[in-house]
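> Dropping a structure here in structure tokens format, bear with me for questions.
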Amino acid sequence: MDKNESYKLLLAQVKAIVKDETDPIANMANVAALIQEAFHFWWTGFYRVIGEQLVLGPFQGPVACTRIGHGKGVCGTSWKEGKTIVVEDVEQFPGHIACSSESRSEIVVPLMKQGEVVGVLDIDSERLATFDATDQHWLEQVAMVLAGVL
């Protein structure tokens with residue numbers, strides 16, 4: 001199965017698993033697990049906007065940073081700018097927050113609700129340049145579905 005087909009299947013699974021569940025933590029946990037099972041990334045998870053910080057939400061992978069400031073690191077920058085950020089080499093990203101030295105590339109997708117960022121989907125890979133326009137396209141679709149039930 002190619003990457004587009006894998007994402008198409010993932011999106012269908014995400015829609016099915018969140019459609020009858022109202023708890024945001026349960027939905028984020030299941031979506032993180034679905035992504036991780038499908039692609040086996042180094043780290044897959046969510047940060048939620050709480051006040052002036054991103055606070056760690058459900059995730060799959062090793063221990064993570066608990067709180068990230070607005071505009072800080074890749075996640076905080078995605079929150080501040082309200083857009084997806086793809087980083088081929090995290091060591092080249094100004095202000096990168098190294099929660100794990102194993103992380104080499106990253107994609108962060110904002111979760112938008114009524115024009116506001118309410119959280120971010122953060123995925124790290126232990127390989128350089130893992131994420132591309134295909135990942136961005138499909139993960140933005142996943143984020144849209146999830147944000148719709150938050």
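Naming works like this for the structure tokens: A, B, ... for the chains as they're shown, residue 1 at the start of each chain, ligands 1 onward in shown order.
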For A:Leu146, find every residue with an atom within 9 Å (counting only C-alpha atoms), except residues of its own chain fewer than 4 positions away, and show them as a list in words.
Val14, Lys15, Val18, Pro24, Asn27, Met28, Val31, Leu111, Gln141, Val142 and Leu150 of chain A
> Keeping only N, CA and C atoms, write those residues as a PDB file, in the first residue's frame.

ATOM      1  N   VAL A  14     -10.139   7.363  11.359  1.00  0.00           N
ATOM      2  CA  VAL A  14     -10.295   8.501  12.268  1.00  0.00           C
ATOM      3  C   VAL A  14     -11.752   8.957  12.293  1.00  0.00           C
ATOM      4  N   LYS A  15     -12.349   9.098  11.125  1.00  0.00           N
ATOM      5  CA  LYS A  15     -13.754   9.520  11.065  1.00  0.00           C
ATOM      6  C   LYS A  15     -14.649   8.551  11.818  1.00  0.00           C
ATOM      7  N   VAL A  18     -14.064   8.719  15.877  1.00  0.00           N
ATOM      8  CA  VAL A  18     -14.441   9.925  16.621  1.00  0.00           C
ATOM      9  C   VAL A  18     -15.911  10.307  16.461  1.00  0.00           C
ATOM     10  N   PRO A  24     -12.827  14.829  24.294  1.00  0.00           N
ATOM     11  CA  PRO A  24     -11.681  15.215  23.469  1.00  0.00           C
ATOM     12  C   PRO A  24     -10.409  14.416  23.773  1.00  0.00           C
ATOM     13  N   ASN A  27     -10.672  11.020  22.143  1.00  0.00           N
ATOM     14  CA  ASN A  27     -10.489  11.139  20.692  1.00  0.00           C
ATOM     15  C   ASN A  27      -9.027  11.381  20.320  1.00  0.00           C
ATOM     16  N   MET A  28      -8.347  12.266  21.042  1.00  0.00           N
ATOM     17  CA  MET A  28      -6.931  12.509  20.753  1.00  0.00           C
ATOM     18  C   MET A  28      -6.112  11.243  20.993  1.00  0.00           C
ATOM     19  N   VAL A  31      -6.751   8.816  18.086  1.00  0.00           N
ATOM     20  CA  VAL A  31      -6.164   9.295  16.832  1.00  0.00           C
ATOM     21  C   VAL A  31      -4.642   9.144  16.876  1.00  0.00           C
ATOM     22  N   LEU A 111      -4.694  22.406  15.222  1.00  0.00           N
ATOM     23  CA  LEU A 111      -6.101  22.015  15.304  1.00  0.00           C
ATOM     24  C   LEU A 111      -6.898  23.306  15.420  1.00  0.00           C
ATOM     25  N   GLN A 141      -6.087  16.952   6.964  1.00  0.00           N
ATOM     26  CA  GLN A 141      -7.440  16.381   6.906  1.00  0.00           C
ATOM     27  C   GLN A 141      -7.797  15.716   8.230  1.00  0.00           C
ATOM     28  N   VAL A 142      -6.858  14.949   8.777  1.00  0.00           N
ATOM     29  CA  VAL A 142      -7.065  14.292  10.074  1.00  0.00           C
ATOM     30  C   VAL A 142      -7.329  15.353  11.139  1.00  0.00           C
ATOM     31  N   LEU A 150     -13.846  18.363  18.836  1.00  0.00           N
ATOM     32  CA  LEU A 150     -13.282  18.817  20.112  1.00  0.00           C
ATOM     33  C   LEU A 150     -14.203  19.811  20.781  1.00  0.00           C
TER      34      LEU A 150
END
> Residues of stretch 1-130 of chain A classed as strand (DSSP E) by DSSP on the backbone are to be reported as a VMD selection string.
chain A and resid 43 to 50 53 to 60 67 to 69 85 to 87 105 to 113 116 to 125
> One decimal, Å: what's the distance from atom CA of A:Val149 over to atom CA of A:Ser78, could you say?
20.5 Å
> How far is it from atom CA of A:Trp79 to atom CA of A:Phe39, in Å with one decimal?
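Between these atoms lies a distance of 24.1 Å.
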> With a cut-off of 12 Å, could you pull out the residues of stretch 87-115 of chain A touching stretch 40-64 of chain A and give me the nearest pair of atoms for each, distance in Å to one decimal, using only C-alpha atoms, ordered by chain and ascending number, as JSON lines?

{"residue": "A:Ile97", "atom": "CA", "partner": "A:Ala64", "partner_atom": "CA", "distance": 10.5}
{"residue": "A:Ala98", "atom": "CA", "partner": "A:Ala64", "partner_atom": "CA", "distance": 9.3}
{"residue": "A:Cys99", "atom": "CA", "partner": "A:Ala64", "partner_atom": "CA", "distance": 5.7}
{"residue": "A:Ser100", "atom": "CA", "partner": "A:Ala64", "partner_atom": "CA", "distance": 7.4}
{"residue": "A:Ser101", "atom": "CA", "partner": "A:Pro62", "partner_atom": "CA", "distance": 11.1}
{"residue": "A:Glu102", "atom": "CA", "partner": "A:Trp42", "partner_atom": "CA", "distance": 8.1}
{"residue": "A:Ser103", "atom": "CA", "partner": "A:Trp42", "partner_atom": "CA", "distance": 7.1}
{"residue": "A:Arg104", "atom": "CA", "partner": "A:Trp42", "partner_atom": "CA", "distance": 9.4}
{"residue": "A:Ser105", "atom": "CA", "partner": "A:Trp42", "partner_atom": "CA", "distance": 9.7}
{"residue": "A:Glu106", "atom": "CA", "partner": "A:Trp43", "partner_atom": "CA", "distance": 9.3}
{"residue": "A:Ile107", "atom": "CA", "partner": "A:Thr44", "partner_atom": "CA", "distance": 9.8}
{"residue": "A:Val108", "atom": "CA", "partner": "A:Phe46", "partner_atom": "CA", "distance": 9.4}
{"residue": "A:Val109", "atom": "CA", "partner": "A:Phe46", "partner_atom": "CA", "distance": 9.6}
{"residue": "A:Pro110", "atom": "CA", "partner": "A:Tyr47", "partner_atom": "CA", "distance": 9.5}
{"residue": "A:Leu111", "atom": "CA", "partner": "A:Arg48", "partner_atom": "CA", "distance": 9.0}
{"residue": "A:Met112", "atom": "CA", "partner": "A:Val49", "partner_atom": "CA", "distance": 10.9}
{"residue": "A:Lys113", "atom": "CA", "partner": "A:Val49", "partner_atom": "CA", "distance": 11.5}
> Mind giving me the straight-line distance from atom CA of A:Gln36 to atom CA of A:His70 in Å, one decimal?
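Computing it gives 26.1 Å between the two atoms.
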> List the spatial neighbours of A:Gly71 as an mmCIF file with N, CA, C and O atoms, in the first residue's frame - criterion: any atom at most 10 Å away, only C-alpha atoms, same-chain residues fewer than 2 positions off excluded.

data_model
loop_
_atom_site.group_PDB
_atom_site.id
_atom_site.type_symbol
_atom_site.label_atom_id
_atom_site.label_comp_id
_atom_site.auth_asym_id
_atom_site.auth_seq_id
_atom_site.Cartn_x
_atom_site.Cartn_y
_atom_site.Cartn_z
ATOM 1 N N GLN A 53 -0.068 28.528 27.130
ATOM 2 C CA GLN A 53 0.872 27.445 26.884
ATOM 3 C C GLN A 53 0.207 26.307 26.121
ATOM 4 O O GLN A 53 -1.016 26.150 26.157
ATOM 5 N N LEU A 54 1.052 25.522 25.455
ATOM 6 C CA LEU A 54 0.625 24.230 24.940
ATOM 7 C C LEU A 54 0.943 23.220 26.039
ATOM 8 O O LEU A 54 2.068 23.186 26.549
ATOM 9 N N ILE A 68 4.860 23.970 26.472
ATOM 10 C CA ILE A 68 5.578 24.720 25.440
ATOM 11 C C ILE A 68 4.943 26.105 25.332
ATOM 12 O O ILE A 68 3.716 26.220 25.230
ATOM 13 N N GLY A 69 5.762 27.119 25.336
ATOM 14 C CA GLY A 69 5.265 28.484 25.257
ATOM 15 C C GLY A 69 4.811 28.883 23.858
ATOM 16 O O GLY A 69 5.247 28.298 22.858
ATOM 17 N N GLY A 73 9.683 26.851 19.822
ATOM 18 C CA GLY A 73 9.865 25.574 19.149
ATOM 19 C C GLY A 73 8.948 25.431 17.943
ATOM 20 O O GLY A 73 8.281 26.381 17.523
ATOM 21 N N VAL A 74 8.915 24.240 17.394
ATOM 22 C CA VAL A 74 8.081 23.987 16.216
ATOM 23 C C VAL A 74 6.604 24.032 16.592
ATOM 24 O O VAL A 74 5.788 24.649 15.899
ATOM 25 N N CYS A 75 6.240 23.407 17.707
ATOM 26 C CA CYS A 75 4.828 23.379 18.122
ATOM 27 C C CYS A 75 4.304 24.773 18.436
ATOM 28 O O CYS A 75 3.226 25.163 17.974
ATOM 29 N N GLY A 76 5.066 25.530 19.224
ATOM 30 C CA GLY A 76 4.638 26.885 19.578
ATOM 31 C C GLY A 76 4.581 27.816 18.384
ATOM 32 O O GLY A 76 3.739 28.720 18.323
ATOM 33 N N THR A 77 5.458 27.587 17.409
ATOM 34 C CA THR A 77 5.447 28.399 16.185
ATOM 35 C C THR A 77 4.219 28.059 15.337
ATOM 36 O O THR A 77 3.563 28.959 14.791
ATOM 37 N N SER A 78 3.887 26.780 15.236
ATOM 38 C CA SER A 78 2.690 26.376 14.501
ATOM 39 C C SER A 78 1.446 27.000 15.141
ATOM 40 O O SER A 78 0.548 27.478 14.445
ATOM 41 N N TRP A 79 1.407 26.988 16.460
ATOM 42 C CA TRP A 79 0.295 27.609 17.191
ATOM 43 C C TRP A 79 0.245 29.097 16.884
ATOM 44 O O TRP A 79 -0.814 29.637 16.524
ATOM 45 N N LYS A 80 1.367 29.776 17.012
ATOM 46 C CA LYS A 80 1.418 31.226 16.795
ATOM 47 C C LYS A 80 0.999 31.605 15.377
ATOM 48 O O LYS A 80 0.242 32.551 15.173
ATOM 49 N N GLU A 81 1.511 30.844 14.391
ATOM 50 C CA GLU A 81 1.247 31.178 12.992
ATOM 51 C C GLU A 81 -0.046 30.566 12.459
ATOM 52 O O GLU A 81 -0.508 30.947 11.385
ATOM 53 N N GLY A 95 15.399 27.807 17.492
ATOM 54 C CA GLY A 95 14.627 27.675 18.722
ATOM 55 C C GLY A 95 14.002 26.317 18.934
ATOM 56 O O GLY A 95 13.138 26.165 19.795
#
> For A:Leu121, which residue out of A:Thr84, A:Gln92, A:Ser6, A:Thr134 is the nearest one, using only C-alpha atoms?
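Checking each of A:Thr84, A:Gln92, A:Ser6, A:Thr134 against A:Leu121, counting only C-alpha atoms, the winner is A:Thr84.
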> Per DSSP on the backbone, filter chain A down to the residues in helix (DSSP H, G or I) and report them as a ChimeraX atom specification.
/A:3-18,24-39,73-81,90-92,133-148
> Next, the residues of the selection above should be written as a PDB file, in the first residue's frame with C-alpha atoms.

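Contents of again_20.pdb, as written:
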ATOM      1  CA  LYS A   3       1.472   6.412   1.406  1.00  0.00           C
ATOM      2  CA  ASN A   4      -1.666   8.012  -0.088  1.00  0.00           C
ATOM      3  CA  GLU A   5      -3.602   4.769   0.289  1.00  0.00           C
ATOM      4  CA  SER A   6      -2.373   4.391   3.878  1.00  0.00           C
ATOM      5  CA  TYR A   7      -3.510   7.914   4.696  1.00  0.00           C
ATOM      6  CA  LYS A   8      -6.857   7.405   2.981  1.00  0.00           C
ATOM      7  CA  LEU A   9      -7.460   4.351   5.174  1.00  0.00           C
ATOM      8  CA  LEU A  10      -6.261   6.254   8.244  1.00  0.00           C
ATOM      9  CA  LEU A  11      -8.657   9.133   7.567  1.00  0.00           C
ATOM     10  CA  ALA A  12     -11.585   6.712   7.265  1.00  0.00           C
ATOM     11  CA  GLN A  13     -10.591   5.111  10.577  1.00  0.00           C
ATOM     12  CA  VAL A  14     -10.295   8.501  12.268  1.00  0.00           C
ATOM     13  CA  LYS A  15     -13.754   9.520  11.065  1.00  0.00           C
ATOM     14  CA  ALA A  16     -15.240   6.256  12.312  1.00  0.00           C
ATOM     15  CA  ILE A  17     -13.591   6.306  15.712  1.00  0.00           C
ATOM     16  CA  VAL A  18     -14.441   9.925  16.621  1.00  0.00           C
ATOM     17  CA  PRO A  24     -11.681  15.215  23.469  1.00  0.00           C
ATOM     18  CA  ILE A  25      -8.974  13.322  25.385  1.00  0.00           C
ATOM     19  CA  ALA A  26     -10.367   9.956  24.296  1.00  0.00           C
ATOM     20  CA  ASN A  27     -10.489  11.139  20.692  1.00  0.00           C
ATOM     21  CA  MET A  28      -6.931  12.509  20.753  1.00  0.00           C
ATOM     22  CA  ALA A  29      -5.683   9.292  22.359  1.00  0.00           C
ATOM     23  CA  ASN A  30      -7.295   7.093  19.721  1.00  0.00           C
ATOM     24  CA  VAL A  31      -6.164   9.295  16.832  1.00  0.00           C
ATOM     25  CA  ALA A  32      -2.563   9.281  18.129  1.00  0.00           C
ATOM     26  CA  ALA A  33      -2.734   5.486  18.376  1.00  0.00           C
ATOM     27  CA  LEU A  34      -4.177   5.140  14.862  1.00  0.00           C
ATOM     28  CA  ILE A  35      -1.432   7.304  13.349  1.00  0.00           C
ATOM     29  CA  GLN A  36       1.256   5.476  15.281  1.00  0.00           C
ATOM     30  CA  GLU A  37      -0.044   2.042  14.272  1.00  0.00           C
ATOM     31  CA  ALA A  38      -0.266   3.065  10.628  1.00  0.00           C
ATOM     32  CA  PHE A  39       3.143   4.732  10.264  1.00  0.00           C
ATOM     33  CA  GLY A  73       9.865  25.574  19.149  1.00  0.00           C
ATOM     34  CA  VAL A  74       8.081  23.987  16.216  1.00  0.00           C
ATOM     35  CA  CYS A  75       4.828  23.379  18.122  1.00  0.00           C
ATOM     36  CA  GLY A  76       4.638  26.885  19.578  1.00  0.00           C
ATOM     37  CA  THR A  77       5.447  28.399  16.185  1.00  0.00           C
ATOM     38  CA  SER A  78       2.690  26.376  14.501  1.00  0.00           C
ATOM     39  CA  TRP A  79       0.295  27.609  17.191  1.00  0.00           C
ATOM     40  CA  LYS A  80       1.418  31.226  16.795  1.00  0.00           C
ATOM     41  CA  GLU A  81       1.247  31.178  12.992  1.00  0.00           C
ATOM     42  CA  VAL A  90      15.044  19.819  13.573  1.00  0.00           C
ATOM     43  CA  GLU A  91      18.602  20.895  14.362  1.00  0.00           C
ATOM     44  CA  GLN A  92      18.236  23.564  11.668  1.00  0.00           C
ATOM     45  CA  ALA A 133       3.485  17.515   1.075  1.00  0.00           C
ATOM     46  CA  THR A 134       1.606  14.196   1.089  1.00  0.00           C
ATOM     47  CA  ASP A 135       1.919  13.910   4.871  1.00  0.00           C
ATOM     48  CA  GLN A 136       0.914  17.545   5.263  1.00  0.00           C
ATOM     49  CA  HIS A 137      -2.177  17.151   3.078  1.00  0.00           C
ATOM     50  CA  TRP A 138      -3.506  14.072   4.851  1.00  0.00           C
ATOM     51  CA  LEU A 139      -2.564  15.097   8.385  1.00  0.00           C
ATOM     52  CA  GLU A 140      -4.354  18.413   7.855  1.00  0.00           C
ATOM     53  CA  GLN A 141      -7.440  16.381   6.906  1.00  0.00           C
ATOM     54  CA  VAL A 142      -7.065  14.292  10.074  1.00  0.00           C
ATOM     55  CA  ALA A 143      -6.673  17.488  12.153  1.00  0.00           C
ATOM     56  CA  MET A 144      -9.796  18.975  10.581  1.00  0.00           C
ATOM     57  CA  VAL A 145     -11.870  15.910  11.444  1.00  0.00           C
ATOM     58  CA  LEU A 146     -10.549  15.821  15.000  1.00  0.00           C
ATOM     59  CA  ALA A 147     -10.961  19.547  15.583  1.00  0.00           C
ATOM     60  CA  GLY A 148     -14.589  19.204  14.473  1.00  0.00           C
TER      61      GLY A 148
END
